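For reference, work_2.csv is printed below; it contains CSV, C-alpha atoms.
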chain,number,residue,atom,x,y,z
A,24,MET,CA,-27.5,31.7,36.4
A,25,SER,CA,-31.1,31.5,37.6
A,26,SER,CA,-33.1,28.3,37.8
A,27,GLU,CA,-35.5,29.7,35.2
A,28,ASP,CA,-32.7,30.3,32.8
A,29,LEU,CA,-31.2,26.9,33.3
A,30,LEU,CA,-34.6,25.3,32.9
A,31,LEU,CA,-35.1,27.0,29.5
A,32,GLY,CA,-31.6,26.0,28.5
A,33,LEU,CA,-32.2,22.4,29.4
A,34,GLN,CA,-35.5,22.4,27.7
A,35,GLU,CA,-33.8,23.5,24.5
A,36,ILE,CA,-31.2,20.7,24.9
A,37,PHE,CA,-34.0,18.1,25.6
A,38,ARG,CA,-36.0,19.2,22.6
A,39,ASP,CA,-33.0,18.9,20.3
A,40,VAL,CA,-31.7,15.6,21.7
A,41,LEU,CA,-35.1,13.9,22.0
A,42,ASP,CA,-36.4,15.4,18.8
A,43,GLN,CA,-39.5,16.7,20.5
A,44,GLY,CA,-39.9,20.3,19.4
A,45,ASP,CA,-42.8,21.0,21.7
A,46,LEU,CA,-41.5,19.3,24.8
A,47,VAL,CA,-42.2,21.4,28.0
A,48,LEU,CA,-39.7,20.6,30.7
A,49,THR,CA,-40.5,21.2,34.4
A,50,LEU,CA,-38.5,20.8,37.6
A,51,HIS,CA,-40.4,17.5,38.1
A,52,SER,CA,-39.6,16.1,34.6
A,53,ASN,CA,-37.8,12.8,34.8
A,54,ALA,CA,-37.2,9.6,32.8
A,55,GLU,CA,-40.6,8.3,33.8
A,56,ASN,CA,-42.7,11.1,32.5
A,57,VAL,CA,-40.6,12.3,29.5
A,58,PRO,CA,-41.1,10.1,26.4
A,59,ASP,CA,-37.9,8.5,24.9
A,60,TRP,CA,-35.7,9.5,27.8
A,61,ASP,CA,-34.0,6.2,27.9
A,62,SER,CA,-30.4,5.2,28.9
A,63,LEU,CA,-28.8,6.0,25.6
A,64,ALA,CA,-30.7,9.3,25.3
A,65,HIS,CA,-29.6,10.1,28.8
A,66,VAL,CA,-25.9,9.9,27.8
A,67,ASN,CA,-26.6,12.1,24.9
A,68,LEU,CA,-28.4,14.6,27.2
A,69,ILE,CA,-25.5,14.7,29.7
A,70,THR,CA,-23.0,15.2,26.9
A,71,ALA,CA,-25.0,18.0,25.5
A,72,ILE,CA,-25.4,19.7,28.9
A,73,GLU,CA,-21.6,19.4,29.6
A,74,LYS,CA,-20.8,21.0,26.3
A,75,ARG,CA,-23.3,23.8,26.6
A,76,TYR,CA,-22.4,24.8,30.1
A,77,LYS,CA,-18.7,23.8,29.9
A,78,VAL,CA,-18.8,21.6,32.9
A,79,LYS,CA,-17.9,17.9,33.5
A,80,PHE,CA,-19.9,15.5,35.6
A,81,ALA,CA,-18.7,12.5,37.5
A,82,LEU,CA,-20.9,9.4,37.5
A,83,GLY,CA,-21.4,9.7,41.3
A,84,GLU,CA,-22.9,13.1,40.9
A,85,LEU,CA,-25.5,11.9,38.4
A,86,GLN,CA,-26.6,8.7,40.0
A,87,ASP,CA,-28.7,10.4,42.7
A,88,LEU,CA,-30.5,12.9,40.4
A,89,LYS,CA,-34.3,12.3,40.5
A,90,ASN,CA,-35.5,14.9,38.2
A,91,VAL,CA,-34.7,18.0,36.2
A,92,GLY,CA,-34.9,20.1,39.3
A,93,ASP,CA,-32.0,18.1,40.8
A,94,MET,CA,-30.0,18.5,37.6
A,95,ILE,CA,-30.5,22.3,37.8
A,96,GLU,CA,-29.3,22.3,41.4
A,97,LEU,CA,-26.2,20.3,40.5
A,98,LEU,CA,-25.6,22.6,37.5
A,99,GLN,CA,-25.8,25.7,39.7
A,100,SER,CA,-23.3,24.3,42.1
A,101,LYS,CA,-20.9,23.4,39.2
A,102,LEU,CA,-21.3,26.8,37.6
A,103,ALA,CA,-20.8,28.6,41.0
A,104,ALA,CA,-17.5,26.6,41.5
A,105,LYS,CA,-16.0,27.7,38.2
B,11,MET,CA,-7.4,-4.7,15.4
B,12,ASN,CA,-6.9,-2.3,18.3
B,13,VAL,CA,-8.1,-3.3,21.8
B,14,TYR,CA,-8.3,0.1,23.4
B,15,ARG,CA,-10.2,0.5,26.7
B,16,TRP,CA,-11.5,3.7,28.2
B,17,ALA,CA,-8.1,4.3,29.9
B,18,ASP,CA,-6.3,4.3,26.6
B,19,ILE,CA,-8.5,7.0,25.0
B,20,HIS,CA,-7.5,10.6,25.1
B,21,VAL,CA,-8.5,13.7,23.2
B,22,GLY,CA,-6.3,14.0,20.1
B,23,LEU,CA,-5.9,10.2,19.6
B,24,THR,CA,-6.0,9.7,15.9
B,25,HIS,CA,-6.2,6.8,13.5
B,26,SER,CA,-6.5,6.6,9.7
B,27,PHE,CA,-6.6,4.0,7.0
B,28,GLU,CA,-7.1,3.7,3.2
B,29,ALA,CA,-9.9,1.9,1.4
B,30,MET,CA,-11.3,1.4,-2.1
B,31,PHE,CA,-14.6,0.1,-3.5
B,32,THR,CA,-15.1,-2.3,-6.4
B,33,GLU,CA,-18.0,-2.9,-8.9
B,34,LYS,CA,-18.9,-6.0,-7.0
B,35,MET,CA,-19.2,-4.2,-3.7
B,36,VAL,CA,-21.5,-1.7,-5.4
B,37,SER,CA,-23.8,-4.5,-6.7
B,38,ASP,CA,-23.6,-6.2,-3.3
B,39,PHE,CA,-24.6,-3.0,-1.5
B,40,ALA,CA,-27.5,-2.5,-4.0
B,41,GLU,CA,-28.7,-6.0,-3.1
B,42,ILE,CA,-28.3,-5.5,0.6
B,43,SER,CA,-30.0,-2.1,0.8
B,44,GLY,CA,-32.5,-2.6,-2.0
B,45,ASP,CA,-31.4,0.8,-3.3
B,46,ILE,CA,-31.4,0.3,-7.1
B,47,ASN,CA,-31.4,4.0,-8.0
B,48,PRO,CA,-29.7,4.2,-11.5
B,49,LEU,CA,-27.4,7.0,-10.4
B,50,HIS,CA,-25.5,4.3,-8.4
B,51,VAL,CA,-25.8,1.2,-10.7
B,52,ASN,CA,-26.2,2.4,-14.2
B,53,GLY,CA,-23.2,4.0,-16.0
B,54,GLU,CA,-25.2,5.3,-18.9
B,55,TYR,CA,-27.7,7.0,-16.7
B,56,ALA,CA,-24.9,8.5,-14.5
B,57,ALA,CA,-23.3,9.9,-17.6
B,58,SER,CA,-26.6,11.4,-18.8
B,59,VAL,CA,-26.8,13.4,-15.6
B,60,GLY,CA,-23.3,14.6,-15.7
B,61,TYR,CA,-21.2,12.1,-13.7
B,62,PRO,CA,-18.2,10.3,-15.2
B,63,ALA,CA,-19.4,7.0,-13.6
B,64,PRO,CA,-22.0,5.6,-11.2
B,65,VAL,CA,-21.8,7.5,-7.9
B,66,LEU,CA,-20.9,5.3,-5.0
B,67,PHE,CA,-23.7,5.0,-2.4
B,68,GLY,CA,-23.1,7.5,0.4
B,69,LEU,CA,-24.1,5.0,3.0
B,70,MET,CA,-21.7,2.4,1.5
B,71,THR,CA,-18.7,4.7,1.7
B,72,SER,CA,-19.9,5.7,5.1
B,73,SER,CA,-19.7,2.1,6.2
B,74,LEU,CA,-16.0,2.9,6.5
B,75,TYR,CA,-16.8,4.8,9.7
B,76,SER,CA,-18.0,1.5,11.1
B,77,ARG,CA,-14.6,0.0,10.3
B,78,LEU,CA,-12.9,3.1,11.9
B,79,VAL,CA,-14.8,2.4,15.2
B,80,GLY,CA,-14.8,-1.4,15.2
B,81,VAL,CA,-11.2,-1.9,14.2
B,82,TYR,CA,-9.3,1.2,15.1
B,83,LEU,CA,-11.0,3.6,17.5
B,84,PRO,CA,-11.3,1.9,19.9
B,85,GLY,CA,-11.3,-1.4,18.0
B,86,LYS,CA,-12.5,-4.7,19.6
B,87,PHE,CA,-14.4,-3.3,22.5
B,88,GLY,CA,-16.1,-0.4,20.7
B,89,LEU,CA,-19.8,0.2,20.5
B,90,LEU,CA,-21.0,2.7,17.9
B,91,GLN,CA,-23.8,4.6,19.6
B,92,GLY,CA,-24.6,7.4,17.1
B,93,ILE,CA,-23.4,9.3,14.1
B,94,ASP,CA,-24.0,12.6,12.5
B,95,LEU,CA,-23.1,12.5,8.9
B,96,ASP,CA,-22.8,15.0,6.0
B,97,PHE,CA,-21.9,14.2,2.4
B,98,ASN,CA,-19.8,16.6,0.6
B,99,ALA,CA,-18.7,15.2,-2.8
B,100,PRO,CA,-19.4,12.2,-5.0
B,101,CYS,CA,-16.8,9.5,-5.4
B,102,PHE,CA,-16.5,6.5,-7.6
B,103,VAL,CA,-15.3,2.9,-7.9
B,104,ARG,CA,-11.6,2.3,-7.5
B,105,GLU,CA,-10.8,5.7,-6.0
B,106,VAL,CA,-8.5,5.5,-3.1
B,107,LEU,CA,-10.2,6.9,0.0
B,108,THR,CA,-8.6,7.9,3.2
B,109,VAL,CA,-10.6,7.6,6.4
B,110,LYS,CA,-9.4,9.6,9.4
B,111,GLY,CA,-10.8,10.0,12.9
B,112,GLU,CA,-9.7,12.0,15.9
B,113,VAL,CA,-11.0,11.8,19.5
B,114,VAL,CA,-12.4,15.3,20.3
B,115,TYR,CA,-14.6,14.9,23.4
B,116,MET,CA,-14.9,12.4,26.3
B,117,THR,CA,-18.0,12.0,28.5
B,118,GLU,CA,-16.2,10.8,31.6
B,119,ALA,CA,-19.3,9.8,33.6
B,120,TYR,CA,-20.5,7.3,31.0
B,121,GLN,CA,-17.2,6.4,29.4
B,122,ARG,CA,-18.2,7.6,26.0
B,123,PHE,CA,-16.2,9.6,23.5
B,124,GLU,CA,-16.7,11.5,20.3
B,125,VAL,CA,-14.7,11.2,17.1
B,126,LYS,CA,-14.5,13.8,14.3
B,127,ALA,CA,-14.0,11.7,11.2
B,128,SER,CA,-13.7,12.4,7.5
B,129,ILE,CA,-13.3,10.5,4.2
B,130,ARG,CA,-11.1,12.2,1.6
B,131,LYS,CA,-9.9,11.4,-1.9
B,132,ALA,CA,-6.3,11.2,-2.8
B,133,ASP,CA,-6.3,14.9,-3.8
B,134,GLY,CA,-7.7,15.8,-0.4
B,135,LYS,CA,-11.2,16.5,-1.6
B,136,LEU,CA,-13.7,15.9,1.2
B,137,VAL,CA,-16.2,13.1,0.5
B,138,SER,CA,-18.0,13.1,3.8
B,139,LYS,CA,-17.5,14.1,7.4
B,140,ALA,CA,-19.0,12.6,10.6
B,141,THR,CA,-19.3,13.1,14.3
B,142,ILE,CA,-19.3,9.6,15.9
B,143,ARG,CA,-20.4,8.8,19.4
B,144,ILE,CA,-18.7,5.7,20.8
B,145,GLY,CA,-19.0,3.6,23.9
B,146,PHE,CA,-17.6,0.3,25.0
B,147,HIS,CA,-18.9,-3.2,25.5
B,148,GLY,CA,-17.5,-6.1,27.4
B,149,GLY,CA,-16.7,-4.5,30.7

For the file at hand, write its structure as structure tokens.
Amino acid sequence: MSSEDLLLGLQEIFRDVLDQGDLVLTLHSNAENVPDWDSLAHVNLITAIEKRYKVKFALGELQDLKNVGDMIELLQSKLAAK
Amino acid sequence: MNVYRWADIHVGLTHSFEAMFTEKMVSDFAEISGDINPLHVNGEYAASVGYPAPVLFGLMTSSLYSRLVGVYLPGKFGLLQGIDLDFNAPCFVREVLTVKGEVVYMTEAYQRFEVKASIRKADGKLVSKATIRIGFHGG
């Protein structure tokens, strides 16, 4: 799956979970520049991503992510390994 | 009260219990919530709009989901983090309600799980259903 497709998929998830219908996600989006992306919302986001793409994350894989671009890279590696 | 920790939780784990509401509980809930809508507290009004008795507050019956989490699934160490709730049918004082919850998803990275839960009447009629997101407190 391409980065563009994953970005669009993640944007859909973020819009739903954060209740921000007009949120525009970029590869540089992170908890600092996306409103309401707090710790509890983060757990909701990860759960929603796991369910949508049928993958499972370990805590160690998530701790080093700095932005949405990093998440997309991790997702691509997970999906490629399936 | 159960004392489940993360290691005790697995998909398919199920708990259920029965509960019933009284007139006093209804008046207490009206006072706590400030919801004095006559559908819930006035029998004559409820009858005039087609109900056999005042309809129990949906959020009062749904408080049983709090008991499900705090006492059964997982019990003592639970932390209710979110709930999606739908109401399906009215219910009334002194009806026996059965609350049931089953673990359906586990987010390993953050040790959080989801429970599909329902409240049903004695005849099986669905009163409400919920998806509950649950974490842990206390290490």

Which chain A residues have any atom within 9 Å of an atom of chain B, and for each, what is the nearest pair of atoms with distance in Å to one decimal, counting all atoms listed in the file, rows sorted by chain and number, as a Markdown table?
| residue | atom | partner | partner_atom | distance |
| --- | --- | --- | --- | --- |
| A:Leu63 | CA | B:Gln91 | CA | 7.9 |
| A:Val66 | CA | B:Tyr120 | CA | 6.8 |
| A:Asn67 | CA | B:Arg143 | CA | 8.9 |
| A:Ile69 | CA | B:Thr117 | CA | 8.1 |
| A:Thr70 | CA | B:Thr117 | CA | 6.1 |
| A:Glu73 | CA | B:Thr117 | CA | 8.3 |
| A:Lys79 | CA | B:Glu118 | CA | 7.5 |
| A:Phe80 | CA | B:Ala119 | CA | 6.1 |
| A:Ala81 | CA | B:Ala119 | CA | 4.8 |
| A:Leu82 | CA | B:Ala119 | CA | 4.2 |
| A:Gly83 | CA | B:Ala119 | CA | 8.0 |
| A:Glu84 | CA | B:Ala119 | CA | 8.8 |
| A:Leu85 | CA | B:Ala119 | CA | 8.1 |

Report, as lines of an AutoDock Vina configuration file, the centre and edge lengths in Å (one decimal) of the axis-aligned box enclosing every listed atom of range 28-41 of chain A, padded by 8 Å on each side.
center_x = -33.6
center_y = 22.1
center_z = 26.8
size_x = 20.8
size_y = 32.4
size_z = 29.0

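Using all atoms listed in the file, the contacts of Ala56 in chain B at a cut-off of 12 Å, with sequence neighbours closer than 6 positions omitted, comprise Asn47, Pro48, Leu49, His50, Pro62, Ala63, Pro64, Val65, Leu66, Pro100 and Phe102 of chain B.
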
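Using only C-alpha atoms, the residues found no farther than 10 Å from Leu69 in chain B, other than those of its own chain fewer than 5 positions away, are Phe39, Ser43, Leu74, Tyr75, Leu95 and Phe97 of chain B.
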
Report task. Please provide as number ranges by chain all residues within 10 Å of Tyr76 in chain A, with the sequence filter that same-chain residues fewer than 2 positions apart are discarded (counting all atoms listed in the file). Result -> A: 29, 32, 71-74, 78-79, 98, 101-102

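CA of Val106 in chain B is found 5.1 Å from CA of Met30 in chain B.
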
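Minimum atom-to-atom distances from A:Ser25, A:Ala104, A:Leu48, A:Asp39 to Lys77 in chain A were compared using only C-alpha atoms, and the lowest value belongs to A:Ala104.
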
Query raised in the report: CA of Asn56 in chain A to CA of Leu89 in chain B: how many Å, to one decimal?
Result: 28.1 Å

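Near Leu41 in chain A, within a cut-off of 7 Å and counting only C-alpha atoms, sit the residues Phe37, Arg38 and Asp59 of chain A, with same-chain residues fewer than 3 positions away left out.
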
Write out the residues from the selection above, keeping C-alpha atoms, as a PDB file, in the coordinates of the input.
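Result file follows (part-v7.pdb):
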ATOM      1  CA  PHE A  37     -34.000  18.100  25.600  1.00  0.00           C
ATOM      2  CA  ARG A  38     -36.000  19.200  22.600  1.00  0.00           C
ATOM      3  CA  ASP A  59     -37.900   8.500  24.900  1.00  0.00           C
TER       4      ASP A  59
END

At most 10 Å from (-6.9, 14.2, 19.8), file frame, all atoms listed in the file: which residues, as a PDB file with C-alpha atoms, keeping the file's coordinate frame?
ATOM      1  CA  ILE B  19      -8.500   7.000  25.000  1.00  0.00           C
ATOM      2  CA  HIS B  20      -7.500  10.600  25.100  1.00  0.00           C
ATOM      3  CA  VAL B  21      -8.500  13.700  23.200  1.00  0.00           C
ATOM      4  CA  GLY B  22      -6.300  14.000  20.100  1.00  0.00           C
ATOM      5  CA  LEU B  23      -5.900  10.200  19.600  1.00  0.00           C
ATOM      6  CA  THR B  24      -6.000   9.700  15.900  1.00  0.00           C
ATOM      7  CA  HIS B  25      -6.200   6.800  13.500  1.00  0.00           C
ATOM      8  CA  GLY B 111     -10.800  10.000  12.900  1.00  0.00           C
ATOM      9  CA  GLU B 112      -9.700  12.000  15.900  1.00  0.00           C
ATOM     10  CA  VAL B 113     -11.000  11.800  19.500  1.00  0.00           C
ATOM     11  CA  VAL B 114     -12.400  15.300  20.300  1.00  0.00           C
ATOM     12  CA  TYR B 115     -14.600  14.900  23.400  1.00  0.00           C
ATOM     13  CA  VAL B 125     -14.700  11.200  17.100  1.00  0.00           C
ATOM     14  CA  LYS B 126     -14.500  13.800  14.300  1.00  0.00           C
TER      15      LYS B 126
END
